[in-house]
$ cat protein-v4.cif   # mmCIF, C-alpha atoms
data_run
loop_
_atom_site.label_atom_id
_atom_site.label_comp_id
_atom_site.auth_asym_id
_atom_site.auth_seq_id
_atom_site.Cartn_x
_atom_site.Cartn_y
_atom_site.Cartn_z
CA MET A 31 -9.32 4.08 20.61
CA HIS A 32 -6.78 2.12 18.59
CA PHE A 33 -5.76 -1.28 19.90
CA LYS A 34 -2.22 -2.39 19.13
CA SER A 35 -1.81 -5.96 18.03
CA TYR A 36 1.41 -7.66 17.02
CA ILE A 37 1.50 -10.22 14.22
CA PHE A 38 4.27 -12.79 13.93
CA PHE A 39 5.30 -14.29 10.63
CA TRP A 40 8.71 -15.68 11.61
CA PHE A 41 10.75 -15.65 14.81
CA THR A 42 11.88 -12.15 15.66
CA ILE A 43 14.88 -10.87 17.52
CA LEU A 44 12.69 -8.44 19.41
CA PHE A 45 10.19 -10.73 21.07
CA CYS A 46 9.95 -14.16 22.67
CA THR A 47 11.63 -17.10 20.96
CA SER A 48 8.56 -19.34 21.26
CA CYS A 49 6.05 -17.26 19.27
CA SER A 50 3.64 -19.06 16.96
CA THR A 51 4.27 -18.83 13.22
CA GLU A 52 0.52 -18.83 12.54
CA PRO A 53 -0.70 -15.28 11.82
CA LYS A 54 -3.62 -13.79 13.67
CA ASN A 55 -6.74 -13.13 11.60
CA SER A 56 -6.79 -9.36 12.13
CA PHE A 57 -4.93 -6.38 13.46
CA THR A 58 -5.33 -2.65 13.82
CA ASN A 59 -2.32 -0.40 13.50
CA SER A 60 -2.38 3.32 14.11
CA PHE A 61 1.35 3.56 13.28
CA ASP A 62 1.94 5.16 16.68
CA LYS A 63 4.77 2.91 17.86
CA THR A 64 7.34 4.83 19.82
CA ASP A 65 9.46 1.71 20.33
CA HIS A 66 10.13 1.53 16.57
CA PRO A 67 9.78 5.11 15.36
CA LYS A 68 11.54 4.37 12.09
CA LEU A 69 11.00 1.35 9.86
CA ILE A 70 13.98 0.68 7.65
CA GLU A 71 13.81 -0.90 4.22
CA ARG A 72 14.96 -4.52 4.02
CA ASN A 73 15.81 -6.68 1.03
CA HIS A 74 13.97 -9.75 2.31
CA ALA A 75 10.89 -10.23 4.46
CA ASN A 76 12.67 -12.51 6.93
CA LYS A 77 15.04 -9.71 7.86
CA TYR A 78 12.42 -7.38 9.25
CA ILE A 79 12.65 -5.49 12.52
CA ASP A 80 9.02 -4.53 13.05
CA SER A 81 6.69 -7.35 14.09
CA SER A 82 3.84 -6.28 11.78
CA TRP A 83 5.48 -4.80 8.70
CA TRP A 84 8.12 -5.42 6.08
CA LEU A 85 9.23 -2.22 4.35
CA ASN A 86 10.08 -3.60 0.92
CA SER A 87 11.05 -0.24 -0.60
CA GLY A 88 10.86 3.45 0.16
CA GLY A 89 13.91 3.82 2.40
CA TYR A 90 12.16 4.70 5.65
CA LEU A 91 8.71 4.90 7.20
CA TYR A 92 8.47 7.13 10.27
CA GLN A 93 5.97 6.20 13.00
CA THR A 94 4.75 8.80 15.48
CA LYS A 95 1.78 9.24 17.79
CA ASN A 96 -0.07 10.89 14.90
CA GLY A 97 0.48 8.12 12.34
CA ALA A 98 3.18 7.28 9.83
CA SER A 99 4.89 9.16 7.04
CA THR A 100 7.07 8.39 4.10
CA VAL A 101 10.27 10.35 3.70
CA GLN A 102 9.21 13.99 3.37
CA GLY A 103 11.30 15.98 0.93
CA LYS A 104 14.85 14.86 0.18
CA LEU A 105 17.27 12.60 2.00
CA SER A 106 20.66 14.01 2.89
CA ASN A 107 23.55 13.54 0.47
CA ASN A 108 25.27 10.91 2.58
CA ASP A 109 22.22 8.92 3.69
CA ARG A 110 22.82 5.26 2.93
CA PHE A 111 19.56 4.84 1.02
CA ARG A 112 20.28 7.99 -0.99
CA LEU A 113 23.57 6.39 -2.04
CA LEU A 114 22.05 2.94 -2.66
CA TYR A 115 19.17 4.21 -4.78
CA ALA A 116 21.49 6.53 -6.68
CA LYS A 117 23.20 3.35 -7.90
CA SER A 118 20.25 0.95 -8.17
CA ASN A 119 17.41 3.19 -9.42
CA PRO A 120 18.38 6.84 -9.86
CA LEU A 121 15.65 7.42 -12.47
CA ASP A 122 12.63 6.75 -10.23
CA THR A 123 14.11 8.20 -7.03
CA ASP A 124 15.55 11.50 -8.27
CA ASN A 125 19.13 10.23 -7.96
CA GLY A 126 18.31 8.55 -4.66
CA TYR A 127 17.05 11.63 -2.86
CA ARG A 128 13.39 10.50 -2.86
CA PRO A 129 13.08 6.74 -2.23
CA GLN A 130 9.49 7.45 -1.09
CA ASN A 131 8.63 7.57 -4.80
CA LEU A 132 8.57 3.77 -4.55
CA LEU A 133 6.92 3.02 -1.21
CA ARG A 134 6.00 -0.66 -0.78
CA LEU A 135 4.86 -1.63 2.73
CA VAL A 136 3.90 -5.29 3.23
CA THR A 137 2.32 -7.06 6.21
CA ASN A 138 4.28 -9.92 7.71
CA SER A 139 1.06 -11.92 8.07
CA LYS A 140 -0.94 -13.55 5.29
CA PHE A 141 -4.67 -13.40 4.66
CA LYS A 142 -7.06 -14.89 2.09
CA ASN A 143 -10.59 -13.51 2.38
CA PHE A 144 -10.27 -10.17 4.15
CA THR A 145 -11.11 -6.52 4.45
CA GLN A 146 -8.43 -3.87 4.63
CA GLN A 147 -8.40 -0.11 5.11
CA VAL A 148 -6.06 2.83 5.55
CA PHE A 149 -6.45 6.59 5.71
CA PHE A 150 -3.93 8.75 3.87
CA ASN A 151 -3.07 12.41 3.41
CA ILE A 152 -0.97 13.42 0.41
CA LYS A 153 1.36 16.28 1.22
CA LYS A 154 3.20 16.63 -2.07
CA ILE A 155 3.39 15.09 -5.54
CA ASN A 156 7.00 14.56 -6.58
CA LEU A 157 7.31 15.66 -10.20
CA SER A 158 10.16 13.35 -11.12
CA ASP A 159 11.50 13.23 -14.67
CA SER A 160 11.05 9.46 -14.63
CA PRO A 161 8.78 8.10 -17.39
CA ASN A 162 7.29 5.87 -14.68
CA ARG A 163 5.67 8.94 -13.13
CA ASN A 164 2.33 8.68 -14.93
CA GLN A 165 -1.42 8.43 -14.52
CA SER A 166 -1.24 4.95 -12.96
CA ASN A 167 0.54 6.26 -9.83
CA GLY A 168 -1.44 6.63 -6.63
CA VAL A 169 -2.22 5.05 -3.26
CA LEU A 170 -3.18 1.39 -3.48
CA LEU A 171 -3.67 -1.61 -1.21
CA PHE A 172 -2.14 -5.03 -1.77
CA HIS A 173 -4.27 -8.17 -1.57
CA ARG A 174 -3.11 -11.79 -1.76
CA TYR A 175 0.45 -10.61 -2.32
CA GLN A 176 2.49 -13.70 -3.25
CA ASN A 177 5.49 -11.66 -4.39
CA GLY A 178 6.12 -8.49 -6.38
CA ASP A 179 4.89 -10.17 -9.57
CA ASN A 180 1.70 -11.83 -8.33
CA LEU A 181 -0.95 -9.88 -6.40
CA TYR A 182 -4.09 -7.72 -6.54
CA TYR A 183 -3.88 -3.90 -6.40
CA ILE A 184 -6.88 -1.80 -5.37
CA GLY A 185 -6.78 1.96 -4.92
CA ILE A 186 -7.00 5.48 -6.23
CA ARG A 187 -4.77 7.01 -8.91
CA VAL A 188 -3.46 10.50 -9.59
CA ASP A 189 -5.61 10.68 -12.73
CA GLY A 190 -8.66 10.59 -10.46
CA TYR A 191 -9.62 6.99 -11.20
CA ALA A 192 -10.30 4.20 -8.74
CA VAL A 193 -8.87 0.95 -10.06
CA VAL A 194 -8.68 -2.78 -9.48
CA LYS A 195 -5.65 -4.39 -11.05
CA LYS A 196 -4.13 -7.83 -11.01
CA LYS A 197 -0.48 -8.65 -11.59
CA LEU A 198 0.26 -12.19 -12.71
CA HIS A 199 3.74 -13.37 -13.61
CA GLY A 200 4.84 -9.75 -13.85
CA LYS A 201 2.08 -8.63 -16.23
CA TYR A 202 -0.62 -6.12 -15.19
CA TYR A 203 -4.32 -6.60 -15.95
CA THR A 204 -6.83 -3.82 -15.29
CA LEU A 205 -10.01 -5.49 -14.07
CA LYS A 206 -12.12 -2.37 -13.55
CA SER A 207 -11.74 1.38 -13.16
CA THR A 208 -14.06 4.31 -12.61
CA SER A 209 -13.59 8.07 -12.45
CA VAL A 210 -13.91 9.58 -8.96
CA TYR A 211 -12.17 12.97 -9.08
CA SER A 212 -12.92 15.08 -12.16
CA GLY A 213 -10.38 16.66 -14.46
CA ASN A 214 -8.19 15.82 -17.43
CA TYR A 215 -4.91 14.37 -16.26
CA ASN A 216 -1.81 15.67 -18.00
CA ARG A 217 1.66 14.63 -16.89
CA ASP A 218 3.03 18.16 -17.36
CA THR A 219 0.15 20.58 -16.82
CA LEU A 220 -2.16 18.64 -14.47
CA PRO A 221 -0.14 15.78 -12.95
CA ASN A 222 -2.49 15.07 -10.04
CA LEU A 223 -6.26 15.14 -9.52
CA LEU A 224 -6.26 13.80 -5.96
CA PRO A 225 -6.85 16.24 -3.09
CA ILE A 226 -3.69 17.50 -1.35
CA ASN A 227 -3.59 18.02 2.44
CA HIS A 228 -6.89 16.18 2.72
CA ARG A 229 -7.56 12.96 4.65
CA ILE A 230 -9.05 10.13 2.57
CA GLY A 231 -9.79 6.52 3.49
CA ILE A 232 -9.61 3.45 1.26
CA LYS A 233 -11.38 0.24 2.29
CA THR A 234 -11.38 -2.99 0.30
CA LYS A 235 -12.92 -6.43 0.53
CA VAL A 236 -11.55 -9.43 -1.36
CA SER A 237 -12.96 -12.96 -1.09
CA THR A 238 -13.38 -16.14 -3.09
CA ASN A 239 -17.05 -16.82 -3.81
CA ALA A 240 -18.97 -20.09 -4.13
CA LYS A 241 -18.16 -20.27 -7.85
CA GLY A 242 -14.44 -20.15 -7.15
CA TYR A 243 -14.09 -16.61 -8.52
CA VAL A 244 -12.74 -13.58 -6.67
CA ASP A 245 -15.15 -10.87 -5.50
CA ILE A 246 -13.61 -7.41 -5.03
CA ILE A 247 -15.28 -4.32 -3.54
CA MET A 248 -13.72 -0.91 -2.95
CA TYR A 249 -14.94 1.99 -0.79
CA LEU A 250 -13.69 5.52 -0.20
CA ASN A 251 -14.15 7.71 2.85
CA ASP A 252 -13.88 11.33 1.72
CA SER A 253 -15.97 14.24 2.94
CA GLN A 254 -16.02 15.54 -0.64
CA LEU A 255 -17.94 12.42 -1.70
CA GLY A 256 -20.37 12.36 1.22
CA PRO A 257 -20.47 11.10 4.79
CA GLY A 258 -18.85 7.83 5.79
CA TRP A 259 -17.82 5.08 3.39
CA THR A 260 -18.97 5.25 -0.23
CA GLN A 261 -18.85 2.14 -2.41
CA ILE A 262 -16.88 3.05 -5.53
CA LEU A 263 -16.64 -0.16 -7.52
CA GLN A 264 -17.30 -3.89 -7.43
CA ILE A 265 -16.16 -6.68 -9.69
CA GLU A 266 -16.03 -10.46 -9.91
CA ASP A 267 -12.69 -11.66 -11.28
CA THR A 268 -13.38 -14.86 -13.24
CA GLY A 269 -9.78 -15.29 -14.30
CA ALA A 270 -10.76 -15.31 -17.97
CA ASP A 271 -7.86 -13.00 -18.83
CA ALA A 272 -4.98 -14.93 -17.29
CA GLY A 273 -6.07 -16.78 -14.16
CA LEU A 274 -6.82 -16.08 -10.53
CA ILE A 275 -4.86 -15.54 -7.33
CA LEU A 276 -6.61 -17.84 -4.88
CA LYS A 277 -3.99 -18.53 -2.22
CA LYS A 278 -3.66 -16.47 0.92
CA GLY A 279 -1.05 -13.74 0.68
CA HIS A 280 0.23 -10.61 2.34
CA ALA A 281 -1.65 -7.32 2.55
CA GLY A 282 -0.07 -3.87 2.44
CA ILE A 283 0.22 -0.39 1.01
CA ARG A 284 1.77 1.13 -2.08
CA SER A 285 2.26 4.79 -2.99
CA ASP A 286 4.06 6.34 -5.95
CA PHE A 287 5.92 9.63 -6.45
CA MET A 288 4.45 11.39 -3.44
CA ASP A 289 5.10 12.43 0.16
CA VAL A 290 2.22 11.00 2.17
CA PHE A 291 0.99 10.34 5.72
CA PHE A 292 -0.94 7.23 6.80
CA ASP A 293 -3.07 6.36 9.82
CA ASP A 294 -5.78 3.98 11.05
CA TYR A 295 -4.69 0.86 9.17
CA GLN A 296 -6.91 -2.19 9.70
CA VAL A 297 -6.97 -5.67 8.23
CA SER A 298 -9.40 -8.42 9.19
CA GLU A 299 -10.03 -11.92 7.87
CA ILE A 300 -13.62 -12.49 6.81
CA GLN A 301 -15.18 -15.28 8.84
CA ASN A 302 -17.27 -17.52 6.60
#

$ encode --input "protein-v4.cif" --output "structure tokens"
Amino acid sequence: MHFKSYIFFWFTILFCTSCSTEPKNSFTNSFDKTDHPKLIERNHANKYIDSSWWLNSGGYLYQTKNGASTVQGKLSNNDRFRLLYAKSNPLDTDNGYRPQNLLRLVTNSKFKNFTQQVFFNIKKINLSDSPNRNQSNGVLLFHRYQNGDNLYYIGIRVDGYAVVKKKLHGKYYTLKSTSVYSGNYNRDTLPNLLPINHRIGIKTKVSTNAKGYVDIIMYLNDSQLGPGWTQILQIEDTGADAGLILKKGHAGIRSDFMDVFFDDYQVSEIQN
């Protein structure tokens, strides 16, 4: 059974006016809210509608009793996000018709040392002409998200690799990667090595250790890899490349150039 829990980051127009601004240390979200069946992209986090999520990009996220989905297929010609993306980023969104190519879903609450998981099911890879459609695309989780230029990314890519990346001051650093799904990625002839129409779980754990470094562990839950959760990679980020992200930050989900479903999202602060 999934237990709904609502996290408050600022005052919201939908709930009581005396809610605490301190986030809870965990929540489980099955994306089955019928009161807010459609999350709408907002420019700023303090303009959110949903109590748990800020949809930073992607146009819409649809919540049903079975989970959540990005936009599936194309938006209509006159949809407002079709028109906005056609002006702001036509290259990555197929002239605005597929804003889901840039899904960025961010929690309203912040966490520091925490575990996070989500299950996903890719329905379609969108073969956009954009040069940003490449092997680094995939489904990834945010950790210690300060802003779009400073955070950790952990997830699985369309080239079949699991990866841990850090973005500091707008620059990406690959901390570790390992091949999970076999094949030779090719943008034109083999643009995706991830299973389609197949439910996969990602679980991550990020924490600052006694040395002041950042420990990162990633697991996958995929029947093709074996039963239950399988540890895929582990790394200690010493910050030798550019520094560390040590402050608490938002969690969340990213997906690129795909139509995808999500369910069973969980995030929980690690109690030391």

$ resolve_selection --input "protein-v4.cif" --expression "the PyMOL selection byres ((chain A and resi 272-277) around 7)" --output "MDAnalysis selection string"
chainID A and resid 142 174 181 269:271 278:279

$ atom_distance --input "protein-v4.cif" --atom1 "CA of Tyr127 in chain A" --atom2 "CA of Asn156 in chain A"
11.1 Å

$ resolve_selection --input "protein-v4.cif" --expression "the PyMOL selection byres ((chain A and resi 256-264) around 9)" --output "mmCIF file with C-alpha atoms, in the coordinates of the input"
data_model
loop_
_atom_site.group_PDB
_atom_site.id
_atom_site.type_symbol
_atom_site.label_atom_id
_atom_site.label_comp_id
_atom_site.auth_asym_id
_atom_site.auth_seq_id
_atom_site.Cartn_x
_atom_site.Cartn_y
_atom_site.Cartn_z
ATOM 1 C CA ALA A 192 -10.300 4.200 -8.740
ATOM 2 C CA VAL A 193 -8.870 0.950 -10.060
ATOM 3 C CA VAL A 194 -8.680 -2.780 -9.480
ATOM 4 C CA LYS A 206 -12.120 -2.370 -13.550
ATOM 5 C CA SER A 207 -11.740 1.380 -13.160
ATOM 6 C CA THR A 208 -14.060 4.310 -12.610
ATOM 7 C CA VAL A 210 -13.910 9.580 -8.960
ATOM 8 C CA GLY A 231 -9.790 6.520 3.490
ATOM 9 C CA ILE A 232 -9.610 3.450 1.260
ATOM 10 C CA LYS A 233 -11.380 0.240 2.290
ATOM 11 C CA ASP A 245 -15.150 -10.870 -5.500
ATOM 12 C CA ILE A 246 -13.610 -7.410 -5.030
ATOM 13 C CA ILE A 247 -15.280 -4.320 -3.540
ATOM 14 C CA MET A 248 -13.720 -0.910 -2.950
ATOM 15 C CA TYR A 249 -14.940 1.990 -0.790
ATOM 16 C CA LEU A 250 -13.690 5.520 -0.200
ATOM 17 C CA ASN A 251 -14.150 7.710 2.850
ATOM 18 C CA ASP A 252 -13.880 11.330 1.720
ATOM 19 C CA SER A 253 -15.970 14.240 2.940
ATOM 20 C CA GLN A 254 -16.020 15.540 -0.640
ATOM 21 C CA LEU A 255 -17.940 12.420 -1.700
ATOM 22 C CA ILE A 265 -16.160 -6.680 -9.690
ATOM 23 C CA GLU A 266 -16.030 -10.460 -9.910
#

$ resolve_selection --input "protein-v4.cif" --expression "the PyMOL selection byres ((chain A and resi 280) around 8)" --output "PyMOL selection string"
chain A and resi 136-141+172-176+278-279+281-282

$ write_last_selection --input "protein-v4.cif" --atoms "C-alpha atoms" --output "PDB file, keeping the file's coordinate frame"
ATOM      1  CA  VAL A 136       3.900  -5.290   3.230  1.00  0.00           C
ATOM      2  CA  THR A 137       2.320  -7.060   6.210  1.00  0.00           C
ATOM      3  CA  ASN A 138       4.280  -9.920   7.710  1.00  0.00           C
ATOM      4  CA  SER A 139       1.060 -11.920   8.070  1.00  0.00           C
ATOM      5  CA  LYS A 140      -0.940 -13.550   5.290  1.00  0.00           C
ATOM      6  CA  PHE A 141      -4.670 -13.400   4.660  1.00  0.00           C
ATOM      7  CA  PHE A 172      -2.140  -5.030  -1.770  1.00  0.00           C
ATOM      8  CA  HIS A 173      -4.270  -8.170  -1.570  1.00  0.00           C
ATOM      9  CA  ARG A 174      -3.110 -11.790  -1.760  1.00  0.00           C
ATOM     10  CA  TYR A 175       0.450 -10.610  -2.320  1.00  0.00           C
ATOM     11  CA  GLN A 176       2.490 -13.700  -3.250  1.00  0.00           C
ATOM     12  CA  LYS A 278      -3.660 -16.470   0.920  1.00  0.00           C
ATOM     13  CA  GLY A 279      -1.050 -13.740   0.680  1.00  0.00           C
ATOM     14  CA  ALA A 281      -1.650  -7.320   2.550  1.00  0.00           C
ATOM     15  CA  GLY A 282      -0.070  -3.870   2.440  1.00  0.00           C
TER      16      GLY A 282
END

$ atom_distance --input "protein-v4.cif" --atom1 "CA of Arg217 in chain A" --atom2 "CA of Lys196 in chain A"
23.9 Å

$ atom_distance --input "protein-v4.cif" --atom1 "CA of Trp84 in chain A" --atom2 "CA of Asn125 in chain A"
23.7 Å

$ closest_residue --input "protein-v4.cif" --among "A:Gly213, A:Gly190, A:Gly178, A:Pro67" --to "Ser99 in chain A" --atoms "all atoms listed in the file"
A:Pro67

$ axis_aligned_box --input "protein-v4.cif" --around "range 259-262 of chain A" --padding-each-side "8 Å" --output "AutoDock Vina command-line options"
--center_x -17.9 --center_y 3.7 --center_z -1.1 --size_x 18.1 --size_y 19.1 --size_z 24.9

$ closest_residue --input "protein-v4.cif" --among "A:Tyr183, A:Tyr191, A:Phe292, A:Tyr215" --to "Asn164 in chain A" --atoms "all atoms listed in the file"
A:Tyr215

$ residues_near_point --input "protein-v4.cif" --point "(-7.5, 4.9, 5.5)" --cutoff "6 Å" --atoms "all atoms listed in the file" --output "PyMOL selection string"
chain A and resi 147-150+231-232+294

$ closest_residue --input "protein-v4.cif" --among "A:Tyr182, A:Asn239, A:Ile155, A:Ser209" --to "Lys197 in chain A" --atoms "all atoms listed in the file"
A:Tyr182

$ residues_around --input "protein-v4.cif" --residues "Tyr115 in chain A" --least-positions-apart "4" --cutoff "7 Å" --atoms "all atoms listed in the file" --output "list of chain:residue names"
A:Phe111, A:Asn119, A:Pro120, A:Thr123, A:Asn125, A:Gly126

$ write_last_selection --input "protein-v4.cif" --atoms "C-alpha atoms" --output "short mmCIF file (atom, residue, chain, number, x, y, z; two decimals), in the frame of the given file"
data_model
loop_
_atom_site.label_atom_id
_atom_site.label_comp_id
_atom_site.auth_asym_id
_atom_site.auth_seq_id
_atom_site.Cartn_x
_atom_site.Cartn_y
_atom_site.Cartn_z
CA PHE A 111 19.56 4.84 1.02
CA ASN A 119 17.41 3.19 -9.42
CA PRO A 120 18.38 6.84 -9.86
CA THR A 123 14.11 8.20 -7.03
CA ASN A 125 19.13 10.23 -7.96
CA GLY A 126 18.31 8.55 -4.66
#

$ closest_residue --input "protein-v4.cif" --among "A:Gln130, A:Asn222, A:Asn162, A:Asn59" --to "Gly97 in chain A" --atoms "all atoms listed in the file"
A:Asn59

$ closest_residue --input "protein-v4.cif" --among "A:Pro161, A:Gly200, A:Gly89, A:Gly168" --to "Met288 in chain A" --atoms "all atoms listed in the file"
A:Gly168

$ residues_near_point --input "protein-v4.cif" --point "(-3.0, 13.2, 2.6)" --cutoff "9 Å" --atoms "only C-alpha atoms" --output "ChimeraX atom specification"
/A:149-154,225-230,289-292

$ residues_around --input "protein-v4.cif" --residues "Leu69 in chain A" --least-positions-apart "6" --cutoff "10 Å" --atoms "all atoms listed in the file" --output "list of chain:residue names"
A:Tyr78, A:Ile79, A:Asp80, A:Trp83, A:Trp84, A:Leu85, A:Gly88, A:Gly89, A:Tyr90, A:Leu91, A:Tyr92, A:Gln93, A:Ala98, A:Thr100, A:Leu135

$ closest_residue --input "protein-v4.cif" --among "A:Tyr211, A:Ser166, A:Lys201, A:Pro129" --to "Asp109 in chain A" --atoms "all atoms listed in the file"
A:Pro129

$ residues_around --input "protein-v4.cif" --residues "Leu157 in chain A" --least-positions-apart "3" --cutoff "9 Å" --atoms "all atoms listed in the file" --output "list in words"
Ser160, Arg163, Arg217, Asp218, Pro221, Phe287 and Met288 of chain A

$ decode --input "protein-v4.cif" --residues "range 89-173 of chain A" --atoms "C-alpha atoms" --output "compact mmCIF listing (two decimals), in the first residue's frame"
# COMPACT_ATOMS: atom_id res chain seq x y z
CA GLY A 89 5.15 21.00 -20.08
CA TYR A 90 2.90 18.62 -18.17
CA LEU A 91 3.04 15.57 -15.92
CA TYR A 92 -0.19 13.57 -15.76
CA GLN A 93 -1.05 11.78 -12.50
CA THR A 94 -3.49 8.87 -12.47
CA LYS A 95 -4.28 5.94 -10.20
CA ASN A 96 -1.66 3.93 -12.09
CA GLY A 97 1.21 6.43 -11.74
CA ALA A 98 2.42 9.43 -13.71
CA SER A 99 3.33 10.03 -17.32
CA THR A 100 5.09 12.64 -19.33
CA VAL A 101 3.35 14.00 -22.39
CA GLN A 102 2.81 11.02 -24.68
CA GLY A 103 3.23 11.80 -28.36
CA LYS A 104 2.71 15.37 -29.56
CA LEU A 105 0.95 18.35 -28.07
CA SER A 106 -1.76 20.01 -30.13
CA ASN A 107 -0.84 22.91 -32.40
CA ASN A 108 -2.41 25.53 -30.16
CA ASP A 109 -1.31 24.20 -26.78
CA ARG A 110 0.34 27.00 -24.84
CA PHE A 111 3.49 25.00 -24.10
CA ARG A 112 3.74 23.95 -27.75
CA LEU A 113 3.76 27.64 -28.66
CA LEU A 114 6.13 28.66 -25.84
CA TYR A 115 8.69 25.95 -26.59
CA ALA A 116 8.46 26.64 -30.31
CA LYS A 117 9.84 30.08 -29.47
CA SER A 118 12.18 29.28 -26.58
CA ASN A 119 13.67 25.89 -27.56
CA PRO A 120 12.34 24.50 -30.83
CA LEU A 121 15.48 22.41 -31.41
CA ASP A 122 15.16 20.12 -28.37
CA THR A 123 11.36 19.92 -28.35
CA ASP A 124 10.60 19.23 -32.02
CA ASN A 125 9.24 22.74 -32.56
CA GLY A 126 7.45 22.63 -29.23
CA TYR A 127 5.41 19.50 -29.89
CA ARG A 128 7.40 17.33 -27.43
CA PRO A 129 8.32 19.28 -24.27
CA GLN A 130 8.69 15.88 -22.54
CA ASN A 131 12.10 15.69 -24.23
CA LEU A 132 13.25 17.92 -21.37
CA LEU A 133 11.45 16.59 -18.29
CA ARG A 134 12.79 18.03 -15.02
CA LEU A 135 10.71 17.21 -11.93
CA VAL A 136 11.99 18.61 -8.62
CA THR A 137 10.82 18.01 -5.05
CA ASN A 138 9.73 21.05 -3.09
CA SER A 139 11.53 19.70 -0.01
CA LYS A 140 15.27 19.55 0.56
CA PHE A 141 17.36 16.63 1.80
CA LYS A 142 21.05 16.07 2.56
CA ASN A 143 21.85 12.43 3.33
CA PHE A 144 19.08 10.39 1.75
CA THR A 145 17.91 7.47 -0.30
CA GLN A 146 15.67 7.92 -3.32
CA GLN A 147 13.94 5.59 -5.75
CA VAL A 148 11.53 5.56 -8.66
CA PHE A 149 10.25 2.95 -11.08
CA PHE A 150 9.93 3.88 -14.74
CA ASN A 151 8.65 2.39 -17.99
CA ILE A 152 9.88 3.87 -21.27
CA LYS A 153 7.19 3.83 -23.92
CA LYS A 154 9.01 5.54 -26.77
CA ILE A 155 12.34 7.15 -27.62
CA ASN A 156 11.83 10.44 -29.43
CA LEU A 157 14.32 10.56 -32.30
CA SER A 158 14.65 14.32 -32.44
CA ASP A 159 17.07 15.97 -34.86
CA SER A 160 18.55 17.91 -31.95
CA PRO A 161 22.30 17.37 -31.44
CA ASN A 162 21.48 17.16 -27.71
CA ARG A 163 19.82 13.80 -28.34
CA ASN A 164 22.85 11.63 -27.62
CA GLN A 165 24.22 8.79 -25.52
CA SER A 166 24.06 10.81 -22.28
CA ASN A 167 20.24 10.93 -22.34
CA GLY A 168 18.31 8.68 -19.99
CA VAL A 169 16.40 8.53 -16.70
CA LEU A 170 18.29 10.04 -13.79
CA LEU A 171 17.66 11.13 -10.20
CA PHE A 172 18.66 14.49 -8.75
CA HIS A 173 20.53 14.71 -5.45
